[in-house]
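Novice: I have a structure I would like to understand better, so I am pasting it below and will then ask my questions one at a time.
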Protein chains: 2
Amino acid sequence: MLNVGSNDERATPARIRDAAISYVGKHGWDRATSRQIAAEAGVPVGLVNYHFGSKDGLRRACDDWVIERVGEDKGLLLSSGLFPQLDTYIEDHPELRPMSAYIAMSLRHGGSVADHLFESMVTLTKDTLELAADAGTMRRFDDPYAMAVLLVAYGAGASLFGPTIARLLGGTDLLDPATYARYGRTTIDLFTKPLLTHDPYQQSLPTPNDPDLPTPKDTP
Amino acid sequence: MLNVGSNDERATPARIRDAAISYVGKHGWDRATSRQIAAEAGVPVGLVNYHFGSKDGLRRACDDWVIERVGEDKGLLLSSGLFPQLDTYIEDHPELRPMSAYIAMSLRHGGSVADHLFESMVTLTKDTLELAADAGTMRRFDDPYAMAVLLVAYGAGASLFGPTIARLLGGTDLLDPATYARYGRTTIDLFTKPLLTHDPYQQSLPTPNDPDLPTPKDTP
DNA sequence: GTCTATATAATGATAGAC
DNA sequence: GTCTATCATTATATAGAC
């Protein structure tokens with residue numbers, strides 16, 4: 001029987017998996033229940049465990065599927081929430097939105113998806129830095145890999161706290177034009193002119209006024 | 001009766017609250033159960049709801065308590081996980097470790113503690129930037145508040161992904177000397193020399209080699 | 001493969017003895 | 001205030017009819 005009369009021609013395991021990705025992207029695995037996922041997929045609870053063995057089996061299947069899709073689709077990787085600037089890719093590919101939300105939720109909670117994604121993004125960023133250096137838009141670094149790791153972590157912070165950043169900057173969404181203008185201007189300001197006036201690895205810093213207030217980028 | 005013979009002279013509500021902060025710092029509120037928290041506090045389950053009404057009441061009490069403590073102790077704010085460089089404060093004040101873990105968990109999941117902490121850290125960072133500018137160790141910015149917001153978000157990303165960063169940099173803990181040396185060197189490298197060679201708000205960027213690979217710090 | 005019905009365990013919350 | 005015992009609900013997982 002080939003799902004005659006159904007309003008969704010995908011195979012049942014795929015429907016359940018996609019429903020799980022969509023629901024977990026909104027609520028996370030901890031709050032998600034097998035019943036809710038089954039309801040979203042339009043199947044009874046029993047089928048979930050029939051096809052995936054257990055809730056944890058479903059989670060592994062979702063993680064593997066997302067990791068596979070991220071490996072195939074560079075656009076999905078770029079819109080994975082590791083750099084807020086790149087989230088606009090989703091607007092042209094709305095079918096990727098549930099998976100992007102699932103990835104963002106995975107980044108919050110950690111696990112294999114977060115690890116795999118972070119590493120992929122580091123590799124891509126390192127390559128991008130080299131291309132930018134070749135093109136002359138960016139300088140080169142002593143430790144390009146470590147620099148890519150740092151930049152991905154920074155981008156992840158900006159992405160995870162995007163709503164908070166937007167609110168403090170006077171907007172509701174970081175990608176709203178007025179809010180993003182201020183955000184982008186600040187980013188450019190930070191990276192076009194040196195932040196620190198001295199390199200503490202070459203000469204000692206002048207003593208700050210208040211030793212109890214270490215500068216955020218100070219070294220121990 | 002004043003807890004005669006008990007091995008903990010604190011009042012019972014405080015014991016339950018501290019046990020909740022400790023347990024939730026490790027597992028998060030979703031996975032934490034009233035029974036586990038009560039067991040850690042050495043009291044039966046009934047007492048939890050007697051003193052706090054419900055699990056959600058206990059959560060509100062913990063959040064309020066942490067926010068209050070963060071307002072009183074600047075060191076706790078600085079070691080709240082929003083800048084990995086500052087976590088060393090915990091080593092001198094190990095009694096703050098459970099609350100620091102609770103704060104880190106709150107940052108992952110959002111909520112009132114995360115919002116309050118982020119805003120406090122922005123204010124402190126903005127003041128610190130001004131002090132550093134006065135001392136001559138840092139330049140000044142067109143939009144100091146937005147710059148503080150951006151730097152706190154970046155620091156939060158570095159903190160939340162600290163274990164991942166450490167692993168990719170060849171270590172196990174970001175604060176291990178060898179690992180932190182590489183991390184610190186990269187941070188200094190990033191902030192002592194300009195990253196971008198052109199300011200796109202003043203002149204157009206040269207076309208990159210691959211238009212599908214936007215540079216991480218590009219503007220829309 | 002799909003469904004209904006159920007088994008088993010754990011949860012938040014409460015009642016009542018002391 | 002503190003404890004034991006229990007309620008009602010909900011979760012995951014499974015058994016068995018079709």
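Residues in the structure tokens are numbered from 1 in each chain, the chains being A, B, ... in the order shown, and ligands are numbered from 1 in the order shown.
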Would you kindly return, as a PDB file with N, CA, C and O atoms (P, O5', C5', C4', C3', O3' and C1' of nucleotides), in the first residue's frame, each protein, DNA or RNA residue with an atom no farther than 12 Å from any atom of DT14 in chain C, considering only C-alpha atoms (C1' of nucleotides) and excluding same-chain residues fewer than 2 positions away?
Specialist:
```
ATOM      1  N   VAL B  45      10.757  14.596  49.215  1.00  0.00           N
ATOM      2  CA  VAL B  45      10.231  15.414  48.115  1.00  0.00           C
ATOM      3  C   VAL B  45       9.216  16.420  48.616  1.00  0.00           C
ATOM      4  O   VAL B  45       9.159  17.554  48.125  1.00  0.00           O
ATOM      5  N   GLY B  46       8.408  15.986  49.578  1.00  0.00           N
ATOM      6  CA  GLY B  46       7.325  16.855  50.024  1.00  0.00           C
ATOM      7  C   GLY B  46       7.802  18.219  50.485  1.00  0.00           C
ATOM      8  O   GLY B  46       7.111  19.220  50.276  1.00  0.00           O
ATOM      9  N   LEU B  47       8.983  18.260  51.085  1.00  0.00           N
ATOM     10  CA  LEU B  47       9.467  19.532  51.628  1.00  0.00           C
ATOM     11  C   LEU B  47       9.752  20.548  50.529  1.00  0.00           C
ATOM     12  O   LEU B  47       9.638  21.755  50.751  1.00  0.00           O
ATOM     13  N   ASN B  49       8.091  21.083  47.743  1.00  0.00           N
ATOM     14  CA  ASN B  49       6.860  21.786  47.387  1.00  0.00           C
ATOM     15  C   ASN B  49       6.255  22.515  48.585  1.00  0.00           C
ATOM     16  O   ASN B  49       5.516  23.479  48.406  1.00  0.00           O
ATOM     17  N   TYR B  50       6.566  22.055  49.790  1.00  0.00           N
ATOM     18  CA  TYR B  50       6.081  22.786  50.960  1.00  0.00           C
ATOM     19  C   TYR B  50       6.710  24.173  51.011  1.00  0.00           C
ATOM     20  O   TYR B  50       6.033  25.170  51.261  1.00  0.00           O
ATOM     21  N   GLY B  53       6.277  25.652  46.854  1.00  0.00           N
ATOM     22  CA  GLY B  53       4.990  25.579  46.165  1.00  0.00           C
ATOM     23  C   GLY B  53       4.971  24.636  44.990  1.00  0.00           C
ATOM     24  O   GLY B  53       4.053  23.826  44.854  1.00  0.00           O
ATOM     25  N   SER B  54       5.957  24.738  44.128  1.00  0.00           N
ATOM     26  CA  SER B  54       6.009  23.889  42.946  1.00  0.00           C
ATOM     27  C   SER B  54       7.440  23.905  42.399  1.00  0.00           C
ATOM     28  O   SER B  54       8.304  24.659  42.879  1.00  0.00           O
TER      29      SER B  54
ATOM     30  P    DG C  12       9.440  16.457  38.416  1.00  0.00           P
ATOM     31  O5'  DG C  12       7.972  17.014  38.704  1.00  0.00           O
ATOM     32  C5'  DG C  12       7.265  17.652  37.659  1.00  0.00           C
ATOM     33  C4'  DG C  12       5.865  17.985  38.132  1.00  0.00           C
ATOM     34  C3'  DG C  12       5.820  18.925  39.337  1.00  0.00           C
ATOM     35  O3'  DG C  12       4.776  19.883  39.163  1.00  0.00           O
ATOM     36  C1'  DG C  12       4.736  16.885  39.870  1.00  0.00           C
ATOM     37  P    DG C  16      -6.605  14.376  54.168  1.00  0.00           P
ATOM     38  O5'  DG C  16      -5.607  13.760  55.248  1.00  0.00           O
ATOM     39  C5'  DG C  16      -5.154  12.419  55.083  1.00  0.00           C
ATOM     40  C4'  DG C  16      -4.061  12.118  56.075  1.00  0.00           C
ATOM     41  C3'  DG C  16      -4.325  12.622  57.512  1.00  0.00           C
ATOM     42  O3'  DG C  16      -3.814  11.660  58.421  1.00  0.00           O
ATOM     43  C1'  DG C  16      -2.289  13.471  56.757  1.00  0.00           C
TER      44       DG C  16
ATOM     45  P    DA D   5       5.733   4.614  54.597  1.00  0.00           P
ATOM     46  O5'  DA D   5       4.402   5.060  53.832  1.00  0.00           O
ATOM     47  C5'  DA D   5       3.292   5.538  54.586  1.00  0.00           C
ATOM     48  C4'  DA D   5       2.199   6.019  53.639  1.00  0.00           C
ATOM     49  C3'  DA D   5       2.009   5.141  52.405  1.00  0.00           C
ATOM     50  O3'  DA D   5       0.648   4.772  52.287  1.00  0.00           O
ATOM     51  C1'  DA D   5       2.296   7.412  51.775  1.00  0.00           C
ATOM     52  P    DT D   6       0.182   3.819  51.041  1.00  0.00           P
ATOM     53  O5'  DT D   6      -0.438   4.884  50.013  1.00  0.00           O
ATOM     54  C5'  DT D   6      -1.246   5.932  50.534  1.00  0.00           C
ATOM     55  C4'  DT D   6      -1.510   6.953  49.449  1.00  0.00           C
ATOM     56  C3'  DT D   6      -1.856   6.367  48.085  1.00  0.00           C
ATOM     57  O3'  DT D   6      -3.182   6.739  47.755  1.00  0.00           O
ATOM     58  C1'  DT D   6      -0.365   8.207  47.891  1.00  0.00           C
ATOM     59  P    DC D   7      -3.889   6.103  46.432  1.00  0.00           P
ATOM     60  O5'  DC D   7      -4.268   7.419  45.599  1.00  0.00           O
ATOM     61  C5'  DC D   7      -4.619   8.613  46.300  1.00  0.00           C
ATOM     62  C4'  DC D   7      -4.597   9.793  45.340  1.00  0.00           C
ATOM     63  C3'  DC D   7      -5.051   9.431  43.932  1.00  0.00           C
ATOM     64  O3'  DC D   7      -6.068  10.318  43.495  1.00  0.00           O
ATOM     65  C1'  DC D   7      -2.904  10.476  43.880  1.00  0.00           C
ATOM     66  P    DA D   8      -6.974   9.873  42.224  1.00  0.00           P
ATOM     67  O5'  DA D   8      -6.326  10.776  41.081  1.00  0.00           O
ATOM     68  C5'  DA D   8      -6.046  12.143  41.358  1.00  0.00           C
ATOM     69  C4'  DA D   8      -5.213  12.734  40.241  1.00  0.00           C
ATOM     70  C3'  DA D   8      -5.643  12.265  38.842  1.00  0.00           C
ATOM     71  O3'  DA D   8      -5.690  13.394  37.984  1.00  0.00           O
ATOM     72  C1'  DA D   8      -3.345  11.764  39.189  1.00  0.00           C
TER      73       DA D   8
END
```
Novice: Skipping near chain neighbours, those fewer than 3 positions away, what residues fall within 7 Å of range 98-108 of chain B using only C-alpha atoms (C1' of nucleotides), listed as a list in words?
Specialist: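 Here the qualifying residues turn out to be Arg108 of chain A; Ile21, Ser22, Val24, Gly25, Lys26, Gly28, Ser79, Ser80, Gly81, Gly111, Val113 and Ala114 of chain B.
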Novice: Which neighbours of Ala146 in chain B fall inside 8 Å, counting only C-alpha atoms (C1' of nucleotides), when residues of the same chain fewer than 6 positions from it are skipped, and could you give them as a PyMOL selection string?
Specialist: chain A and resi 169+182-183+186
Novice: Give me the chain A side of the contact with chain C, cut-off 12 Å, one line per residue showing its nearest atom pair and distance in Å at one decimal, counting only C-alpha atoms (C1' of nucleotides), sorted by chain and residue number, as a tab-separated table.
Specialist:
```
residue	atom	partner	partner_atom	distance
A:Met1	CA	C:DG1	C1'	8.7
A:Leu2	CA	C:DG1	C1'	10.5
A:Asn3	CA	C:DG1	C1'	10.7
A:Ala11	CA	C:DG1	C1'	11.1
A:Thr12	CA	C:DG1	C1'	9.4
A:Pro13	CA	C:DG1	C1'	11.0
A:Gly42	CA	C:DT2	C1'	11.9
A:Val43	CA	C:DT2	C1'	8.8
A:Pro44	CA	C:DC3	C1'	7.3
A:Val45	CA	C:DC3	C1'	9.7
A:Gly46	CA	C:DC3	C1'	8.3
A:Leu47	CA	C:DT2	C1'	7.4
A:Val48	CA	C:DT2	C1'	11.1
A:Tyr50	CA	C:DG1	C1'	9.3
A:His51	CA	C:DG1	C1'	9.8
```
Novice: Go ahead and write the selection's residues with all heavy atoms as an mmCIF file, in the first residue's frame.
Specialist:
```cif
data_model
loop_
_atom_site.group_PDB
_atom_site.id
_atom_site.type_symbol
_atom_site.label_atom_id
_atom_site.label_comp_id
_atom_site.auth_asym_id
_atom_site.auth_seq_id
_atom_site.Cartn_x
_atom_site.Cartn_y
_atom_site.Cartn_z
ATOM 1 N N MET A 1 0.854 -1.206 0.000
ATOM 2 C CA MET A 1 0.000 0.000 0.000
ATOM 3 C C MET A 1 0.886 1.251 0.000
ATOM 4 O O MET A 1 1.795 1.420 0.790
ATOM 5 C CB MET A 1 -0.876 0.014 1.265
ATOM 6 C CG MET A 1 -1.975 1.034 1.167
ATOM 7 S SD MET A 1 -3.507 0.346 0.596
ATOM 8 C CE MET A 1 -4.585 0.803 1.957
ATOM 9 N N LEU A 2 0.557 2.146 -0.923
ATOM 10 C CA LEU A 2 1.451 3.287 -1.111
ATOM 11 C C LEU A 2 0.829 4.598 -0.651
ATOM 12 O O LEU A 2 0.783 5.570 -1.388
ATOM 13 C CB LEU A 2 1.874 3.401 -2.585
ATOM 14 C CG LEU A 2 2.963 2.421 -3.018
ATOM 15 C CD1 LEU A 2 3.188 2.479 -4.509
ATOM 16 C CD2 LEU A 2 4.244 2.733 -2.264
ATOM 17 N N ASN A 3 0.295 4.570 0.580
ATOM 18 C CA ASN A 3 -0.196 5.824 1.162
ATOM 19 C C ASN A 3 -1.302 6.445 0.328
ATOM 20 O O ASN A 3 -1.374 7.660 0.170
ATOM 21 C CB ASN A 3 0.955 6.823 1.264
ATOM 22 C CG ASN A 3 1.238 7.156 2.727
ATOM 23 O OD1 ASN A 3 0.280 7.269 3.494
ATOM 24 N ND2 ASN A 3 2.484 7.289 3.080
ATOM 25 N N ALA A 11 7.552 8.598 2.403
ATOM 26 C CA ALA A 11 7.485 7.372 3.186
ATOM 27 C C ALA A 11 7.324 7.719 4.668
ATOM 28 O O ALA A 11 7.728 8.797 5.114
ATOM 29 C CB ALA A 11 8.744 6.537 2.975
ATOM 30 N N THR A 12 6.717 6.822 5.411
ATOM 31 C CA THR A 12 6.404 7.111 6.807
ATOM 32 C C THR A 12 7.626 7.431 7.665
ATOM 33 O O THR A 12 7.606 8.402 8.421
ATOM 34 C CB THR A 12 5.622 5.934 7.409
ATOM 35 O OG1 THR A 12 4.459 5.706 6.610
ATOM 36 C CG2 THR A 12 5.212 6.234 8.829
ATOM 37 N N PRO A 13 8.703 6.642 7.594
ATOM 38 C CA PRO A 13 9.872 6.999 8.424
ATOM 39 C C PRO A 13 10.359 8.419 8.136
ATOM 40 O O PRO A 13 10.725 9.153 9.068
ATOM 41 C CB PRO A 13 10.917 5.957 8.028
ATOM 42 C CG PRO A 13 10.130 4.801 7.527
ATOM 43 C CD PRO A 13 8.921 5.385 6.865
ATOM 44 N N GLY A 42 1.246 12.794 12.019
ATOM 45 C CA GLY A 42 -0.037 12.204 11.665
ATOM 46 C C GLY A 42 -0.059 10.697 11.770
ATOM 47 O O GLY A 42 -0.789 10.026 11.037
ATOM 48 N N VAL A 43 0.714 10.146 12.672
ATOM 49 C CA VAL A 43 0.759 8.695 12.877
ATOM 50 C C VAL A 43 0.601 8.409 14.361
ATOM 51 O O VAL A 43 0.859 9.278 15.197
ATOM 52 C CB VAL A 43 2.087 8.093 12.374
ATOM 53 C CG1 VAL A 43 2.248 8.317 10.877
ATOM 54 C CG2 VAL A 43 3.261 8.665 13.137
ATOM 55 N N PRO A 44 0.180 7.218 14.730
ATOM 56 C CA PRO A 44 0.105 6.864 16.150
ATOM 57 C C PRO A 44 1.506 6.665 16.731
ATOM 58 O O PRO A 44 2.488 6.488 16.006
ATOM 59 C CB PRO A 44 -0.677 5.555 16.155
ATOM 60 C CG PRO A 44 -0.503 5.008 14.804
ATOM 61 C CD PRO A 44 -0.360 6.156 13.868
ATOM 62 N N VAL A 45 1.554 6.677 18.051
ATOM 63 C CA VAL A 45 2.854 6.629 18.731
ATOM 64 C C VAL A 45 3.613 5.355 18.397
ATOM 65 O O VAL A 45 4.844 5.379 18.252
ATOM 66 C CB VAL A 45 2.666 6.713 20.254
ATOM 67 C CG1 VAL A 45 3.910 7.220 20.927
ATOM 68 C CG2 VAL A 45 1.463 7.552 20.582
ATOM 69 N N GLY A 46 2.868 4.253 18.296
ATOM 70 C CA GLY A 46 3.540 2.977 18.105
ATOM 71 C C GLY A 46 4.463 2.957 16.906
ATOM 72 O O GLY A 46 5.519 2.320 16.926
ATOM 73 N N LEU A 47 4.074 3.666 15.855
ATOM 74 C CA LEU A 47 4.881 3.625 14.637
ATOM 75 C C LEU A 47 6.253 4.261 14.821
ATOM 76 O O LEU A 47 7.212 3.875 14.157
ATOM 77 C CB LEU A 47 4.135 4.333 13.500
ATOM 78 C CG LEU A 47 3.250 3.451 12.638
ATOM 79 C CD1 LEU A 47 2.808 4.204 11.398
ATOM 80 C CD2 LEU A 47 3.981 2.182 12.247
ATOM 81 N N VAL A 48 6.320 5.209 15.715
ATOM 82 C CA VAL A 48 7.618 5.855 15.936
ATOM 83 C C VAL A 48 8.621 4.827 16.434
ATOM 84 O O VAL A 48 9.729 4.695 15.894
ATOM 85 C CB VAL A 48 7.470 7.008 16.952
ATOM 86 C CG1 VAL A 48 8.831 7.602 17.285
ATOM 87 C CG2 VAL A 48 6.545 8.077 16.397
ATOM 88 N N TYR A 50 8.264 1.620 16.255
ATOM 89 C CA TYR A 50 8.406 0.515 15.302
ATOM 90 C C TYR A 50 9.532 0.823 14.311
ATOM 91 O O TYR A 50 10.360 -0.031 13.994
ATOM 92 C CB TYR A 50 7.096 0.281 14.552
ATOM 93 C CG TYR A 50 7.230 -0.696 13.416
ATOM 94 C CD1 TYR A 50 7.305 -2.064 13.646
ATOM 95 C CD2 TYR A 50 7.311 -0.239 12.100
ATOM 96 C CE1 TYR A 50 7.448 -2.962 12.592
ATOM 97 C CE2 TYR A 50 7.446 -1.126 11.048
ATOM 98 C CZ TYR A 50 7.511 -2.485 11.294
ATOM 99 O OH TYR A 50 7.656 -3.369 10.258
ATOM 100 N N HIS A 51 9.571 2.071 13.829
ATOM 101 C CA HIS A 51 10.557 2.417 12.794
ATOM 102 C C HIS A 51 11.916 2.800 13.367
ATOM 103 O O HIS A 51 12.931 2.621 12.703
ATOM 104 C CB HIS A 51 10.031 3.572 11.942
ATOM 105 C CG HIS A 51 8.957 3.164 10.986
ATOM 106 N ND1 HIS A 51 9.188 2.345 9.902
ATOM 107 C CD2 HIS A 51 7.632 3.447 10.948
ATOM 108 C CE1 HIS A 51 8.061 2.150 9.233
ATOM 109 N NE2 HIS A 51 7.092 2.808 9.849
#
```
Novice: Taking the backbone alone, and naming residues the way the document does, which bits of range 136-210 of chain A are alpha helix (DSSP H) by DSSP, as a PyMOL selection string?
Specialist: chain A and resi 144-160+162-168+177-192
Novice: Just the number, please: distance in Å from CA of Arg69 in chain B to CA of Ala133 in chain B, one decimal.
Specialist: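 Answer for the CA of Arg69 in chain B to CA of Ala133 in chain B separation: 29.3 Å.
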Novice: Sort by chain and increasing residue number a table of all residues of chain D within 12 Å of chain A, each with its closest pair of atoms and their distance in Å to one decimal, counting only C-alpha atoms (C1' of nucleotides), and write it as a tab-separated table.
Specialist:
```
residue	atom	partner	partner_atom	distance
D:DT10	C1'	A:Thr33	CA	10.1
D:DA11	C1'	A:Thr33	CA	7.7
D:DT12	C1'	A:Lys55	CA	7.8
D:DA13	C1'	A:Ser54	CA	7.5
D:DT14	C1'	A:Gly46	CA	8.5
D:DA15	C1'	A:Gly46	CA	10.8
```
Novice: To one decimal place, how far is CA of Asp173 in chain A from CA of Asp87 in chain A in Å?
Specialist: 11.8 Å
Novice: For range 188-197 of chain A, please output as a VMD selection string all residues within 6 Å (counting only C-alpha atoms (C1' of nucleotides); exclusion window: fewer than 2 positions along the same chain).
Specialist: (chain A and resid 185 to 186) or (chain B and resid 137 to 138 191 to 196)
Novice: When you look at Leu175 in chain B with a cut-off of 10 Å (counting only C-alpha atoms (C1' of nucleotides)), what residues show up, excluding the ones that are within fewer than 6 positions of it in the same chain? I need them as number ranges by chain.
Specialist: A: 220; B: 84-88, 162-163, 166, 181, 183-184
